[in-house]
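Working notes for the structure below.
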Amino acid sequence: MEKIQKSDAEWRAALTPEQYQVLRQAGTERAFTGEYNANKRPGDYHCAACGTLLFDSAHKYDSGSGWPSFTAPADPAAVEELVDRAHGMVRTEVRCAACEGHLGHVFPDGPGETGLRYCMNSAALAFEPRED
């Protein structure tokens, strides 16, 4: 996937303060406050920074964690996974493969075939509804 390169000033101008804090500074929105946590409409979730398709609502479920959760990305090549050792924990960080924006983390406690829970920040996502 081709990388999107922007300066810090360009990212700050393109994103809201909350989006910048999450996507560019690896922040986390408070649980149960995100716009898409309870969203059940059919559609696609894109990166709020660059528009890359990340998740399909068909893979979204209510994990009870307080953040939008998915069992798999729409395309595995759309996300990158990195070891995150921040805050005295070892977790797997999920980033947009195109712009390297921080999306959230993936955990091995999800349902279904994958057994994964992609726990994402609403601020990192842009939802595009569709009629199914």
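Residues in the structure tokens are numbered from 1 in each chain, the chains being A, B, ... in the order shown, and ligands are numbered from 1 in the order shown.
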Would you list, as a list in words, the residues of chain A that end up in helix (DSSP H, G or I) under DSSP run on this structure's backbone?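 Restricting chain A to helix (DSSP H, G or I) produces Asp8, Ala9, Glu10, Trp11, Arg12, Ala13, Ala14, Pro17, Glu18, Gln19, Tyr20, Gln21, Val22, Leu23, Ser57, Ala58, His59, Pro76, Ala77, Ala78, Ala86, His87, Gly88, Ser122, Ala123 and Ala124 of chain A.
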Any chance you could export the current selection's C-alpha atoms as a PDB file, in the first residue's frame?
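Output (out.pdb):
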```
ATOM      1  CA  ASP A   8       2.761  17.580  11.337  1.00  0.00           C
ATOM      2  CA  ALA A   9       1.308  20.988  10.414  1.00  0.00           C
ATOM      3  CA  GLU A  10      -0.645  19.434   7.541  1.00  0.00           C
ATOM      4  CA  TRP A  11      -2.083  16.741   9.832  1.00  0.00           C
ATOM      5  CA  ARG A  12      -3.045  19.359  12.429  1.00  0.00           C
ATOM      6  CA  ALA A  13      -4.837  21.406   9.768  1.00  0.00           C
ATOM      7  CA  ALA A  14      -6.684  18.388   8.325  1.00  0.00           C
ATOM      8  CA  PRO A  17      -8.017  18.218  17.842  1.00  0.00           C
ATOM      9  CA  GLU A  18      -9.475  14.881  19.037  1.00  0.00           C
ATOM     10  CA  GLN A  19      -8.664  13.136  15.751  1.00  0.00           C
ATOM     11  CA  TYR A  20      -5.122  14.513  15.850  1.00  0.00           C
ATOM     12  CA  GLN A  21      -4.630  13.345  19.443  1.00  0.00           C
ATOM     13  CA  VAL A  22      -5.816   9.809  18.596  1.00  0.00           C
ATOM     14  CA  LEU A  23      -4.455   9.344  15.071  1.00  0.00           C
ATOM     15  CA  SER A  57     -20.028  -3.208   9.467  1.00  0.00           C
ATOM     16  CA  ALA A  58     -20.596  -6.924   8.790  1.00  0.00           C
ATOM     17  CA  HIS A  59     -17.588  -7.563  11.084  1.00  0.00           C
ATOM     18  CA  PRO A  76      -5.827  -7.229   6.020  1.00  0.00           C
ATOM     19  CA  ALA A  77      -3.443  -5.079   3.960  1.00  0.00           C
ATOM     20  CA  ALA A  78      -5.290  -1.932   5.092  1.00  0.00           C
ATOM     21  CA  ALA A  86       3.412   1.697  26.523  1.00  0.00           C
ATOM     22  CA  HIS A  87       1.816   2.031  29.961  1.00  0.00           C
ATOM     23  CA  GLY A  88       3.581  -1.050  31.367  1.00  0.00           C
ATOM     24  CA  SER A 122     -14.335   6.326  16.837  1.00  0.00           C
ATOM     25  CA  ALA A 123     -12.219   9.463  16.380  1.00  0.00           C
ATOM     26  CA  ALA A 124      -9.959   7.496  14.038  1.00  0.00           C
TER      27      ALA A 124
END
```
Atom CA of A:Phe107 to atom CA of A:Leu54, distance in Å rounded to a single decimal: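 Between atom CA of A:Phe107 and atom CA of A:Leu54 the gap is 16.8 Å.
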Set the distance at 7 Å and use only C-alpha atoms: which residues neighbour A:Lys60 once local chain neighbours fewer than 3 positions away are removed? I'd like the list as a ChimeraX atom specification. /A:57,69-71
Using only C-alpha atoms, which residue out of A:Gly51, A:Phe127, A:Ser65, A:Tyr45 lies closest to A:Ala31?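 Distance minimum relative to A:Ala31 lands on A:Ser65.
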Residues near A:Arg91, cut-off 12 Å, only C-alpha atoms, skip fewer than 4 positions along chain, as a list in words: Glu81, Leu82, Val83, Asp84, Arg85, Ala86, His87, Gly104, His105, Val106, Phe107, Pro108, Tyr118 and Cys119 of chain A
Residue nearest A:Thr28 among A:His102, A:Arg95, A:Arg117, A:His46 (counting only C-alpha atoms):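 That would be A:His102, the residue with the smallest distance to A:Thr28.
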Please identify which residues in chain A DSSP calls strand (DSSP E or B) from the backbone, and express them as a ChimeraX atom specification. /A:43-47,53-56,60-61,69-70,79-84,91-96,102-107,117-120,125-129
Please dump the current selection as a PDB file, in the first residue's frame; keep C-alpha atoms.
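Produced file part_8.pdb, reproduced below:
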```pdb
ATOM      1  CA  GLY A  43     -21.734   0.606   6.002  1.00  0.00           C
ATOM      2  CA  ASP A  44     -17.988   0.999   5.757  1.00  0.00           C
ATOM      3  CA  TYR A  45     -15.535   2.458   8.234  1.00  0.00           C
ATOM      4  CA  HIS A  46     -12.699   4.457   6.689  1.00  0.00           C
ATOM      5  CA  CYS A  47      -9.614   6.062   8.181  1.00  0.00           C
ATOM      6  CA  LEU A  53     -11.322   1.546   3.829  1.00  0.00           C
ATOM      7  CA  LEU A  54     -10.574  -0.229   7.108  1.00  0.00           C
ATOM      8  CA  PHE A  55     -13.633  -2.139   8.374  1.00  0.00           C
ATOM      9  CA  ASP A  56     -17.016  -3.370   7.130  1.00  0.00           C
ATOM     10  CA  LYS A  60     -18.668  -5.126  13.817  1.00  0.00           C
ATOM     11  CA  TYR A  61     -20.068  -6.407  17.108  1.00  0.00           C
ATOM     12  CA  SER A  69     -15.097  -3.538  17.882  1.00  0.00           C
ATOM     13  CA  PHE A  70     -14.596  -5.651  14.776  1.00  0.00           C
ATOM     14  CA  VAL A  79      -3.963  -2.185   8.659  1.00  0.00           C
ATOM     15  CA  GLU A  80      -0.555  -2.654  10.232  1.00  0.00           C
ATOM     16  CA  GLU A  81       0.030  -4.262  13.607  1.00  0.00           C
ATOM     17  CA  LEU A  82       2.907  -3.242  15.878  1.00  0.00           C
ATOM     18  CA  VAL A  83       4.028  -4.223  19.365  1.00  0.00           C
ATOM     19  CA  ASP A  84       2.998  -1.523  21.861  1.00  0.00           C
ATOM     20  CA  ARG A  91      -0.370  -4.954  23.411  1.00  0.00           C
ATOM     21  CA  THR A  92      -0.767  -5.027  19.646  1.00  0.00           C
ATOM     22  CA  GLU A  93      -1.331  -1.562  18.213  1.00  0.00           C
ATOM     23  CA  VAL A  94      -3.336  -1.220  14.985  1.00  0.00           C
ATOM     24  CA  ARG A  95      -2.453   1.526  12.500  1.00  0.00           C
ATOM     25  CA  CYS A  96      -3.747   2.539   9.094  1.00  0.00           C
ATOM     26  CA  HIS A 102      -3.169   5.089  15.240  1.00  0.00           C
ATOM     27  CA  LEU A 103      -6.552   3.348  15.203  1.00  0.00           C
ATOM     28  CA  GLY A 104      -6.573   1.319  18.424  1.00  0.00           C
ATOM     29  CA  HIS A 105      -5.495  -2.169  19.481  1.00  0.00           C
ATOM     30  CA  VAL A 106      -6.300  -5.775  18.619  1.00  0.00           C
ATOM     31  CA  PHE A 107      -6.843  -8.402  21.305  1.00  0.00           C
ATOM     32  CA  ARG A 117     -11.267  -8.015  18.797  1.00  0.00           C
ATOM     33  CA  TYR A 118     -10.128  -4.993  16.830  1.00  0.00           C
ATOM     34  CA  CYS A 119     -10.910  -2.325  19.423  1.00  0.00           C
ATOM     35  CA  MET A 120     -10.898   0.994  17.536  1.00  0.00           C
ATOM     36  CA  LEU A 125     -12.870   6.381  11.854  1.00  0.00           C
ATOM     37  CA  ALA A 126     -15.224   7.919   9.296  1.00  0.00           C
ATOM     38  CA  PHE A 127     -18.428   5.989   8.661  1.00  0.00           C
ATOM     39  CA  GLU A 128     -20.006   5.716   5.223  1.00  0.00           C
ATOM     40  CA  PRO A 129     -23.532   4.257   5.473  1.00  0.00           C
TER      41      PRO A 129
END
```
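Of the residues under consideration (A:Thr52, A:Asn121, A:Asn37, A:Thr16), A:Thr52 shows the shortest atom-to-atom contact distance to A:Ala98 when counting only C-alpha atoms.
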Could you build a table of the residues in stretch 30-131 of chain A lying no more than 10 Å from stretch 4-7 of chain A, giving for each the nearest pair of atoms and their separation in Å rounded to one decimal place, using only C-alpha atoms, ordered by chain and ascending residue number, as a Markdown table?
```
| residue | atom | partner | partner_atom | distance |
| --- | --- | --- | --- | --- |
| A:Ala49 | CA | A:Ile4 | CA | 9.9 |
| A:Cys50 | CA | A:Ile4 | CA | 7.8 |
| A:Ala97 | CA | A:Ile4 | CA | 9.1 |
| A:Ala98 | CA | A:Ile4 | CA | 5.7 |
| A:Cys99 | CA | A:Ile4 | CA | 4.9 |
| A:Glu100 | CA | A:Ile4 | CA | 8.1 |
```
